[in-house]
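> Sharing target_25.pdb (PDB, C-alpha atoms) below.
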```
ATOM      1  CA  MET A 299     335.924 147.632 -65.955
ATOM      2  CA  ALA A 300     337.215 150.168 -68.509
ATOM      3  CA  ARG A 301     340.044 149.078 -70.750
ATOM      4  CA  PRO A 302     343.227 151.153 -70.559
ATOM      5  CA  ARG A 303     343.953 153.345 -73.577
ATOM      6  CA  ALA A 304     346.275 151.644 -76.023
ATOM      7  CA  PHE A 305     347.652 154.845 -77.540
ATOM      8  CA  ASP A 306     349.864 157.742 -76.566
ATOM      9  CA  GLU A 307     347.598 160.770 -76.076
ATOM     10  CA  LYS A 308     350.374 163.306 -76.731
ATOM     11  CA  GLN A 309     351.382 161.516 -79.925
ATOM     12  CA  VAL A 310     347.776 161.577 -81.159
ATOM     13  CA  LEU A 311     347.372 165.262 -80.239
ATOM     14  CA  ASP A 312     350.613 166.116 -82.035
ATOM     15  CA  ALA A 313     349.458 164.266 -85.159
ATOM     16  CA  VAL A 314     346.044 165.918 -85.287
ATOM     17  CA  ARG A 315     347.602 169.295 -84.519
ATOM     18  CA  GLU A 316     349.824 168.924 -87.600
ATOM     19  CA  GLN A 317     346.757 168.012 -89.667
ATOM     20  CA  PHE A 318     344.776 171.047 -88.485
ATOM     21  CA  TRP A 319     347.843 173.230 -89.048
ATOM     22  CA  ASP A 320     348.290 172.018 -92.617
ATOM     23  CA  GLY A 321     344.623 171.823 -93.587
ATOM     24  CA  GLY A 322     342.785 174.257 -91.361
ATOM     25  CA  TYR A 323     339.763 173.385 -89.266
ATOM     26  CA  ALA A 324     337.000 173.310 -91.878
ATOM     27  CA  ALA A 325     339.008 171.402 -94.484
ATOM     28  CA  THR A 326     340.092 168.696 -92.021
ATOM     29  CA  SER A 327     337.691 165.763 -92.137
ATOM     30  CA  THR A 328     337.033 163.046 -89.591
ATOM     31  CA  GLU A 329     338.725 160.677 -92.056
ATOM     32  CA  ASP A 330     341.840 162.894 -92.017
ATOM     33  CA  LEU A 331     341.893 162.789 -88.224
ATOM     34  CA  MET A 332     341.453 159.007 -88.196
ATOM     35  CA  ARG A 333     344.240 158.600 -90.760
ATOM     36  CA  VAL A 334     346.821 160.745 -88.941
ATOM     37  CA  SER A 335     345.964 159.477 -85.472
ATOM     38  CA  GLY A 336     345.697 155.807 -86.407
ATOM     39  CA  LEU A 337     342.494 155.627 -84.352
ATOM     40  CA  GLY A 338     338.987 154.677 -85.363
ATOM     41  CA  LYS A 339     336.240 157.265 -85.144
ATOM     42  CA  GLY A 340     334.786 155.756 -81.969
ATOM     43  CA  SER A 341     338.132 155.654 -80.168
ATOM     44  CA  LEU A 342     339.075 159.138 -81.327
ATOM     45  CA  TYR A 343     335.876 160.800 -80.178
ATOM     46  CA  ALA A 344     335.558 158.677 -77.017
ATOM     47  CA  ALA A 345     339.004 159.917 -75.982
ATOM     48  CA  PHE A 346     338.797 163.533 -77.137
ATOM     49  CA  GLY A 347     335.141 164.365 -77.772
ATOM     50  CA  SER A 348     333.966 166.077 -80.940
ATOM     51  CA  LYS A 349     336.111 167.377 -83.795
ATOM     52  CA  ARG A 350     335.855 170.862 -82.249
ATOM     53  CA  GLN A 351     336.936 169.617 -78.809
ATOM     54  CA  LEU A 352     339.859 167.773 -80.394
ATOM     55  CA  PHE A 353     340.811 170.914 -82.316
ATOM     56  CA  LEU A 354     340.701 173.041 -79.154
ATOM     57  CA  ARG A 355     342.887 170.515 -77.302
ATOM     58  CA  ALA A 356     345.369 170.565 -80.204
ATOM     59  CA  LEU A 357     345.331 174.376 -80.289
ATOM     60  CA  HIS A 358     345.956 174.605 -76.549
ATOM     61  CA  SER A 359     348.851 172.143 -76.812
ATOM     62  CA  TYR A 360     350.302 174.243 -79.649
ATOM     63  CA  THR A 361     350.177 177.485 -77.673
ATOM     64  CA  ASP A 362     351.534 175.805 -74.528
ATOM     65  CA  ASP A 363     354.482 174.494 -76.554
ATOM     66  CA  ALA A 364     354.981 177.856 -78.298
ATOM     67  CA  HIS A 365     355.090 179.705 -74.980
ATOM     68  CA  GLY A 366     357.550 177.161 -73.600
ATOM     69  CA  HIS A 367     359.849 177.707 -76.592
ATOM     70  CA  LEU A 368     359.470 181.490 -76.335
ATOM     71  CA  ARG A 369     360.313 181.500 -72.603
ATOM     72  CA  LYS A 370     363.394 179.384 -73.228
ATOM     73  CA  ALA A 371     364.614 181.442 -76.214
ATOM     74  CA  LEU A 372     364.161 184.758 -74.401
ATOM     75  CA  ALA A 373     365.794 183.528 -71.196
ATOM     76  CA  GLU A 374     368.793 181.805 -72.803
ATOM     77  CA  ALA A 375     370.027 184.673 -74.972
ATOM     78  CA  PRO A 376     373.170 186.237 -73.469
ATOM     79  CA  ARG A 377     371.683 189.715 -74.002
ATOM     80  CA  ALA A 378     367.958 190.385 -73.944
ATOM     81  CA  VAL A 379     368.076 192.740 -76.935
ATOM     82  CA  ASP A 380     369.501 189.919 -79.065
ATOM     83  CA  ALA A 381     366.556 187.721 -78.040
ATOM     84  CA  LEU A 382     364.145 190.487 -79.024
ATOM     85  CA  ARG A 383     365.825 190.894 -82.422
ATOM     86  CA  MET A 384     365.780 187.123 -82.895
ATOM     87  CA  LEU A 385     362.039 187.169 -82.240
ATOM     88  CA  LEU A 386     361.521 189.106 -85.467
ATOM     89  CA  GLU A 387     363.566 186.656 -87.535
ATOM     90  CA  ALA A 388     362.174 183.507 -85.911
ATOM     91  CA  PRO A 389     359.309 183.078 -88.433
ATOM     92  CA  ILE A 390     361.728 182.989 -91.371
ATOM     93  CA  GLY A 391     362.982 179.738 -92.825
ATOM     94  CA  GLU A 392     361.884 176.208 -93.448
ATOM     95  CA  GLY A 393     358.234 175.643 -92.639
ATOM     96  CA  ALA A 394     357.467 179.348 -92.373
ATOM     97  CA  ARG A 395     354.824 179.197 -95.085
ATOM     98  CA  ARG A 396     352.590 177.258 -92.712
ATOM     99  CA  GLY A 397     352.299 180.383 -90.616
ATOM    100  CA  CYS A 398     351.289 180.277 -86.967
ATOM    101  CA  LEU A 399     348.540 177.813 -86.029
ATOM    102  CA  MET A 400     347.073 180.322 -83.563
ATOM    103  CA  ALA A 401     347.003 183.144 -86.135
ATOM    104  CA  ASN A 402     345.678 180.818 -88.853
ATOM    105  CA  SER A 403     342.933 179.550 -86.538
ATOM    106  CA  THR A 404     341.987 183.047 -85.416
ATOM    107  CA  SER A 405     341.684 184.147 -89.047
ATOM    108  CA  GLU A 406     339.575 181.114 -89.922
ATOM    109  CA  LEU A 407     337.380 180.835 -86.823
ATOM    110  CA  GLY A 408     337.692 183.991 -84.723
ATOM    111  CA  ASN A 409     334.463 185.580 -85.965
ATOM    112  CA  ALA A 410     332.466 182.361 -85.632
ATOM    113  CA  ASP A 411     333.880 180.779 -82.480
ATOM    114  CA  PRO A 412     334.104 182.945 -79.347
ATOM    115  CA  GLU A 413     336.206 180.307 -77.561
ATOM    116  CA  VAL A 414     338.894 180.445 -80.257
ATOM    117  CA  LEU A 415     338.844 184.238 -80.060
ATOM    118  CA  ARG A 416     339.176 184.176 -76.250
ATOM    119  CA  HIS A 417     342.051 181.712 -76.501
ATOM    120  CA  ALA A 418     343.770 183.898 -79.119
ATOM    121  CA  HIS A 419     343.437 186.916 -76.820
ATOM    122  CA  ARG A 420     344.895 184.999 -73.850
ATOM    123  CA  THR A 421     347.687 183.639 -76.049
ATOM    124  CA  TYR A 422     348.745 187.057 -77.327
ATOM    125  CA  GLU A 423     348.518 188.544 -73.831
ATOM    126  CA  THR A 424     350.803 185.806 -72.490
ATOM    127  CA  SER A 425     353.230 186.353 -75.375
ATOM    128  CA  THR A 426     353.154 190.109 -74.726
ATOM    129  CA  THR A 427     353.968 189.568 -71.045
ATOM    130  CA  LEU A 428     356.896 187.265 -71.852
ATOM    131  CA  ILE A 429     358.291 189.730 -74.388
ATOM    132  CA  ALA A 430     357.746 192.685 -72.017
ATOM    133  CA  ASP A 431     359.758 190.867 -69.339
ATOM    134  CA  CYS A 432     362.577 190.544 -71.870
ATOM    135  CA  VAL A 433     362.271 194.257 -72.733
ATOM    136  CA  THR A 434     362.639 195.052 -69.017
ATOM    137  CA  ARG A 435     365.777 192.907 -68.911
ATOM    138  CA  ALA A 436     367.132 194.738 -71.993
ATOM    139  CA  GLN A 437     366.483 198.031 -70.191
ATOM    140  CA  ARG A 438     368.465 196.823 -67.164
ATOM    141  CA  GLU A 439     371.285 195.821 -69.543
ATOM    142  CA  GLY A 440     371.261 199.312 -71.083
ATOM    143  CA  ASP A 441     370.203 198.210 -74.585
ATOM    144  CA  VAL A 442     366.682 199.666 -74.539
ATOM    145  CA  PRO A 443     365.922 203.176 -73.243
ATOM    146  CA  ALA A 444     364.711 203.165 -69.644
ATOM    147  CA  GLY A 445     361.760 205.376 -70.585
ATOM    148  CA  ALA A 446     360.304 202.889 -73.084
ATOM    149  CA  ASP A 447     357.084 201.240 -71.929
ATOM    150  CA  PRO A 448     357.796 197.468 -71.922
ATOM    151  CA  ILE A 449     354.202 196.445 -72.729
ATOM    152  CA  THR A 450     353.862 198.934 -75.600
ATOM    153  CA  LEU A 451     357.196 197.859 -77.099
ATOM    154  CA  ALA A 452     356.314 194.177 -76.590
ATOM    155  CA  ARG A 453     353.029 194.647 -78.475
ATOM    156  CA  ALA A 454     354.859 196.434 -81.299
ATOM    157  CA  LEU A 455     357.400 193.596 -81.532
ATOM    158  CA  LEU A 456     354.657 190.967 -81.496
ATOM    159  CA  ALA A 457     352.699 192.829 -84.190
ATOM    160  CA  ALA A 458     355.871 193.109 -86.298
ATOM    161  CA  GLN A 459     356.609 189.404 -85.835
ATOM    162  CA  GLN A 460     353.067 188.427 -86.830
ATOM    163  CA  GLY A 461     353.423 190.635 -89.913
ATOM    164  CA  ILE A 462     356.554 188.694 -90.877
ATOM    165  CA  VAL A 463     354.622 185.443 -90.311
ATOM    166  CA  PHE A 464     351.882 186.654 -92.647
ATOM    167  CA  MET A 465     354.361 187.850 -95.274
ATOM    168  CA  SER A 466     356.094 184.457 -95.188
ATOM    169  CA  ARG A 467     352.765 182.810 -96.049
ATOM    170  CA  THR A 468     352.549 184.874 -99.237
ATOM    171  CA  GLY A 469     355.675 183.208-100.583
ATOM    172  CA  LEU A 470     358.167 186.044-100.154
ATOM    173  CA  ASP A 471     361.741 184.813-100.394
ATOM    174  CA  THR A 472     363.960 184.409 -97.345
ATOM    175  CA  ALA A 473     366.254 187.314 -98.256
ATOM    176  CA  THR A 474     363.335 189.770 -98.480
ATOM    177  CA  LEU A 475     361.823 188.523 -95.220
ATOM    178  CA  THR A 476     365.186 188.738 -93.430
ATOM    179  CA  SER A 477     365.799 192.262 -94.715
ATOM    180  CA  THR A 478     362.311 193.299 -93.589
ATOM    181  CA  ALA A 479     362.785 191.749 -90.129
ATOM    182  CA  ARG A 480     366.136 193.493 -89.687
ATOM    183  CA  SER A 481     364.656 196.820 -90.778
ATOM    184  CA  LEU A 482     361.876 196.427 -88.213
ATOM    185  CA  ALA A 483     364.422 195.495 -85.543
ATOM    186  CA  ALA A 484     366.512 198.580 -86.352
ATOM    187  CA  GLN A 485     363.448 200.809 -85.969
ATOM    188  CA  LEU A 486     361.973 199.159 -82.879
ATOM    189  CA  LEU A 487     365.283 198.263 -81.184
ATOM    190  CA  PRO A 488     367.874 200.817 -82.310
ATOM    191  CA  ASP A 489     371.412 200.326 -81.035
ATOM    192  CA  HIS A 490     371.743 202.401 -77.850
ATOM    193  CA  SER A 491     375.020 200.839 -76.767
ATOM    194  CA  GLY A 492     377.104 203.443 -78.567
ATOM    195  CA  GLY A 493     379.056 200.605 -80.184
TER     196      GLY A 493
END
```
Please, can you express the file's structure as structure tokens?

Amino acid sequence: MARPRAFDEKQVLDAVREQFWDGGYAATSTEDLMRVSGLGKGSLYAAFGSKRQLFLRALHSYTDDAHGHLRKALAEAPRAVDALRMLLEAPIGEGARRGCLMANSTSELGNADPEVLRHAHRTYETSTTLIADCVTRAQREGDVPAGADPITLARALLAAQQGIVFMSRTGLDTATLTSTARSLAAQLLPDHSGG
């Protein structure tokens, strides 16, 4: 009879996700994973498979969480255009220098690992759809021109946001990043309210 697992799977996944996020895939050793998870090698790999399988599970949990946060942030803003502007400033602040785990992983592994590349594509398509839905709401609210294509604008906003993420990794100061994000917002989401 198999013994029940004596650890919290989500807690372990969160811990290894943080390790991969800080160190990257290649630089993260089995010893690092054992240290942050508190599990021995046998238990870790019996539960999650290989280092690559564990990484993919952690990456999927990251993108699931990120999409949950994005959905909530876009839906809860009183006006959709404010949510879209906030999207550009979201990568600024404490912890921003870590970048985005999905973008970091795609840069590190995308050319060598087709599964990571496929997951990145699905992730950005899901993000684009969520943002496009918010653009459509902003159009209904009269803050974005009705003739704008929601998908095209969503892709432009996502590309701008990822540019801010990258710039934050270079060590640019918060004031410069904020000014850049606001300039992008003014160009991509000009004020059409007449106010």
> Which residues fall under the PyMOL selection byres ((chain A and resi 407-421) around 9) in this file, as a PyMOL selection string?
chain A and resi 323+354+357-358+361-362+365+400-406+422-426
> Write a file of the selected residues as a JSON list (two decimals), in the coordinates of the input, keeping C-alpha atoms.

```
[["chain", "number", "residue", "atom", "x", "y", "z"],
["A", 323, "TYR", "CA", 339.76, 173.38, -89.27],
["A", 354, "LEU", "CA", 340.70, 173.04, -79.15],
["A", 357, "LEU", "CA", 345.33, 174.38, -80.29],
["A", 358, "HIS", "CA", 345.96, 174.60, -76.55],
["A", 361, "THR", "CA", 350.18, 177.48, -77.67],
["A", 362, "ASP", "CA", 351.53, 175.80, -74.53],
["A", 365, "HIS", "CA", 355.09, 179.70, -74.98],
["A", 400, "MET", "CA", 347.07, 180.32, -83.56],
["A", 401, "ALA", "CA", 347.00, 183.14, -86.14],
["A", 402, "ASN", "CA", 345.68, 180.82, -88.85],
["A", 403, "SER", "CA", 342.93, 179.55, -86.54],
["A", 404, "THR", "CA", 341.99, 183.05, -85.42],
["A", 405, "SER", "CA", 341.68, 184.15, -89.05],
["A", 406, "GLU", "CA", 339.58, 181.11, -89.92],
["A", 422, "TYR", "CA", 348.74, 187.06, -77.33],
["A", 423, "GLU", "CA", 348.52, 188.54, -73.83],
["A", 424, "THR", "CA", 350.80, 185.81, -72.49],
["A", 425, "SER", "CA", 353.23, 186.35, -75.38],
["A", 426, "THR", "CA", 353.15, 190.11, -74.73]]
```
> Taking (363.0, 190.1, -93.8) in the file's own coordinates, collect the residues within 10 Å, counting all atoms listed in the file, and hand them back as a ChimeraX atom specification.
/A:386-387,389-390,462,465-466,470-483
> Can you translate the PyMOL selection byres ((chain A and resi 311) around 8) into the concrete residues it hits in this file, as a PyMOL selection string?
chain A and resi 307-310+312-315+335+352+355-356+359
> Quick one: pull the distance between CA of Gly461 in chain A and CA of Pro376 in chain A, Å, one decimal.
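Rounded to one decimal, the two atoms are 26.1 Å apart.
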> I would like the residues chosen by the PyMOL selection byres ((chain A and resi 372) around 8) on the shown file; could you give them as number ranges by chain?
A: 368-371, 373-375, 378, 381-382, 429, 432
> Write a file of the just-selected residues containing C-alpha atoms, as a PDB file, in the frame of the given file.

```pdb
ATOM      1  CA  LEU A 368     359.470 181.490 -76.335  1.00  0.00           C
ATOM      2  CA  ARG A 369     360.313 181.500 -72.603  1.00  0.00           C
ATOM      3  CA  LYS A 370     363.394 179.384 -73.228  1.00  0.00           C
ATOM      4  CA  ALA A 371     364.614 181.442 -76.214  1.00  0.00           C
ATOM      5  CA  ALA A 373     365.794 183.528 -71.196  1.00  0.00           C
ATOM      6  CA  GLU A 374     368.793 181.805 -72.803  1.00  0.00           C
ATOM      7  CA  ALA A 375     370.027 184.673 -74.972  1.00  0.00           C
ATOM      8  CA  ALA A 378     367.958 190.385 -73.944  1.00  0.00           C
ATOM      9  CA  ALA A 381     366.556 187.721 -78.040  1.00  0.00           C
ATOM     10  CA  LEU A 382     364.145 190.487 -79.024  1.00  0.00           C
ATOM     11  CA  ILE A 429     358.291 189.730 -74.388  1.00  0.00           C
ATOM     12  CA  CYS A 432     362.577 190.544 -71.870  1.00  0.00           C
TER      13      CYS A 432
END
```
> From the options A:Arg377, A:Arg453, A:Arg395, A:Arg383, which residue's atoms come nearest to Gln437 in chain A, counting only C-alpha atoms?
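Using only C-alpha atoms, the shortest distance to Gln437 in chain A belongs to A:Arg377.
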> Could you please determine the separation between CA of Tyr360 in chain A and CA of Lys339 in chain A in Å, to one decimal place?
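CA of Tyr360 in chain A sits 22.7 Å away from CA of Lys339 in chain A.
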> In Å, rounded to a single decimal, give me how far CA of Val463 in chain A is from CA of Val379 in chain A.
20.3 Å
> Taking the point (352.6, 197.3, -72.6) as given in the file, collect each protein or nucleic acid residue that comes within 10 Å of it, counting only C-alpha atoms, and present the set as a PyMOL selection string.
chain A and resi 423+426-427+429-430+446-454
> Pick out the residues sitting within 10 Å of range 343-345 of chain A, and hand them over as a CSV table (one decimal) with C-alpha atoms, in the frame of the given file; count only C-alpha atoms, and ignore anything fewer than 3 positions along from it in its own chain.

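As written to disk, around.csv reads:
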```csv
chain,number,residue,atom,x,y,z
A,303,ARG,CA,344.0,153.3,-73.6
A,307,GLU,CA,347.6,160.8,-76.1
A,328,THR,CA,337.0,163.0,-89.6
A,332,MET,CA,341.5,159.0,-88.2
A,337,LEU,CA,342.5,155.6,-84.4
A,338,GLY,CA,339.0,154.7,-85.4
A,339,LYS,CA,336.2,157.3,-85.1
A,340,GLY,CA,334.8,155.8,-82.0
A,348,SER,CA,334.0,166.1,-80.9
A,349,LYS,CA,336.1,167.4,-83.8
A,351,GLN,CA,336.9,169.6,-78.8
A,352,LEU,CA,339.9,167.8,-80.4
```
> At the level of N, CA and C atoms, write range 452-478 of chain A to a file as a PDB file, in the first residue's frame, please.

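See decode.pdb below for the written result:
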```
ATOM      1  N   ALA A 452      -4.449  44.899 -28.304  1.00  0.00           N
ATOM      2  CA  ALA A 452      -4.024  44.043 -27.190  1.00  0.00           C
ATOM      3  C   ALA A 452      -2.593  43.565 -27.392  1.00  0.00           C
ATOM      4  N   ARG A 453      -2.254  43.164 -28.599  1.00  0.00           N
ATOM      5  CA  ARG A 453      -0.871  42.717 -28.882  1.00  0.00           C
ATOM      6  C   ARG A 453       0.118  43.864 -28.693  1.00  0.00           C
ATOM      7  N   ALA A 454      -0.266  45.068 -29.131  1.00  0.00           N
ATOM      8  CA  ALA A 454       0.614  46.225 -28.956  1.00  0.00           C
ATOM      9  C   ALA A 454       0.821  46.526 -27.476  1.00  0.00           C
ATOM     10  N   LEU A 455      -0.241  46.437 -26.682  1.00  0.00           N
ATOM     11  CA  LEU A 455      -0.129  46.685 -25.241  1.00  0.00           C
ATOM     12  C   LEU A 455       0.725  45.617 -24.569  1.00  0.00           C
ATOM     13  N   LEU A 456       0.543  44.370 -24.975  1.00  0.00           N
ATOM     14  CA  LEU A 456       1.338  43.282 -24.396  1.00  0.00           C
ATOM     15  C   LEU A 456       2.808  43.434 -24.771  1.00  0.00           C
ATOM     16  N   ALA A 457       3.078  43.794 -26.023  1.00  0.00           N
ATOM     17  CA  ALA A 457       4.468  44.010 -26.453  1.00  0.00           C
ATOM     18  C   ALA A 457       5.089  45.172 -25.682  1.00  0.00           C
ATOM     19  N   ALA A 458       4.321  46.244 -25.481  1.00  0.00           N
ATOM     20  CA  ALA A 458       4.822  47.391 -24.713  1.00  0.00           C
ATOM     21  C   ALA A 458       5.099  46.981 -23.267  1.00  0.00           C
ATOM     22  N   GLN A 459       4.187  46.213 -22.679  1.00  0.00           N
ATOM     23  CA  GLN A 459       4.378  45.775 -21.296  1.00  0.00           C
ATOM     24  C   GLN A 459       5.626  44.905 -21.172  1.00  0.00           C
ATOM     25  N   GLN A 460       5.809  43.976 -22.120  1.00  0.00           N
ATOM     26  CA  GLN A 460       6.988  43.110 -22.058  1.00  0.00           C
ATOM     27  C   GLN A 460       8.272  43.915 -22.267  1.00  0.00           C
ATOM     28  N   GLY A 461       8.199  44.986 -23.041  1.00  0.00           N
ATOM     29  CA  GLY A 461       9.353  45.878 -23.177  1.00  0.00           C
ATOM     30  C   GLY A 461       9.705  46.542 -21.859  1.00  0.00           C
ATOM     31  N   ILE A 462       8.683  46.964 -21.117  1.00  0.00           N
ATOM     32  CA  ILE A 462       8.904  47.558 -19.790  1.00  0.00           C
ATOM     33  C   ILE A 462       9.525  46.514 -18.854  1.00  0.00           C
ATOM     34  N   VAL A 463       9.022  45.273 -18.931  1.00  0.00           N
ATOM     35  CA  VAL A 463       9.577  44.189 -18.113  1.00  0.00           C
ATOM     36  C   VAL A 463      11.067  44.037 -18.415  1.00  0.00           C
ATOM     37  N   PHE A 464      11.414  44.005 -19.703  1.00  0.00           N
ATOM     38  CA  PHE A 464      12.812  43.847 -20.076  1.00  0.00           C
ATOM     39  C   PHE A 464      13.648  45.034 -19.588  1.00  0.00           C
ATOM     40  N   MET A 465      13.130  46.243 -19.799  1.00  0.00           N
ATOM     41  CA  MET A 465      13.869  47.432 -19.361  1.00  0.00           C
ATOM     42  C   MET A 465      14.093  47.424 -17.858  1.00  0.00           C
ATOM     43  N   SER A 466      13.113  46.916 -17.099  1.00  0.00           N
ATOM     44  CA  SER A 466      13.269  46.870 -15.639  1.00  0.00           C
ATOM     45  C   SER A 466      14.407  45.933 -15.254  1.00  0.00           C
ATOM     46  N   ARG A 467      14.635  44.893 -16.053  1.00  0.00           N
ATOM     47  CA  ARG A 467      15.716  43.949 -15.754  1.00  0.00           C
ATOM     48  C   ARG A 467      17.094  44.570 -15.971  1.00  0.00           C
ATOM     49  N   THR A 468      17.157  45.642 -16.760  1.00  0.00           N
ATOM     50  CA  THR A 468      18.452  46.270 -17.018  1.00  0.00           C
ATOM     51  C   THR A 468      18.877  47.195 -15.883  1.00  0.00           C
ATOM     52  N   GLY A 469      17.977  47.415 -14.925  1.00  0.00           N
ATOM     53  CA  GLY A 469      18.319  48.258 -13.795  1.00  0.00           C
ATOM     54  C   GLY A 469      17.873  49.698 -13.913  1.00  0.00           C
ATOM     55  N   LEU A 470      17.050  50.020 -14.918  1.00  0.00           N
ATOM     56  CA  LEU A 470      16.543  51.384 -15.025  1.00  0.00           C
ATOM     57  C   LEU A 470      15.761  51.744 -13.772  1.00  0.00           C
ATOM     58  N   ASP A 471      15.867  53.008 -13.377  1.00  0.00           N
ATOM     59  CA  ASP A 471      15.190  53.446 -12.151  1.00  0.00           C
ATOM     60  C   ASP A 471      13.686  53.543 -12.361  1.00  0.00           C
ATOM     61  N   THR A 472      12.970  53.522 -11.249  1.00  0.00           N
ATOM     62  CA  THR A 472      11.505  53.522 -11.263  1.00  0.00           C
ATOM     63  C   THR A 472      10.934  54.737 -11.986  1.00  0.00           C
ATOM     64  N   ALA A 473      11.519  55.909 -11.769  1.00  0.00           N
ATOM     65  CA  ALA A 473      10.995  57.124 -12.403  1.00  0.00           C
ATOM     66  C   ALA A 473      11.074  57.031 -13.927  1.00  0.00           C
ATOM     67  N   THR A 474      12.185  56.525 -14.448  1.00  0.00           N
ATOM     68  CA  THR A 474      12.348  56.387 -15.900  1.00  0.00           C
ATOM     69  C   THR A 474      11.367  55.367 -16.449  1.00  0.00           C
ATOM     70  N   LEU A 475      11.218  54.236 -15.756  1.00  0.00           N
ATOM     71  CA  LEU A 475      10.286  53.206 -16.205  1.00  0.00           C
ATOM     72  C   LEU A 475       8.848  53.726 -16.190  1.00  0.00           C
ATOM     73  N   THR A 476       8.481  54.448 -15.139  1.00  0.00           N
ATOM     74  CA  THR A 476       7.124  54.991 -15.034  1.00  0.00           C
ATOM     75  C   THR A 476       6.858  55.993 -16.145  1.00  0.00           C
ATOM     76  N   SER A 477       7.820  56.869 -16.399  1.00  0.00           N
ATOM     77  CA  SER A 477       7.675  57.856 -17.470  1.00  0.00           C
ATOM     78  C   SER A 477       7.524  57.166 -18.826  1.00  0.00           C
ATOM     79  N   THR A 478       8.300  56.121 -19.042  1.00  0.00           N
ATOM     80  CA  THR A 478       8.224  55.368 -20.301  1.00  0.00           C
ATOM     81  C   THR A 478       6.859  54.694 -20.443  1.00  0.00           C
TER      82      THR A 478
END
```
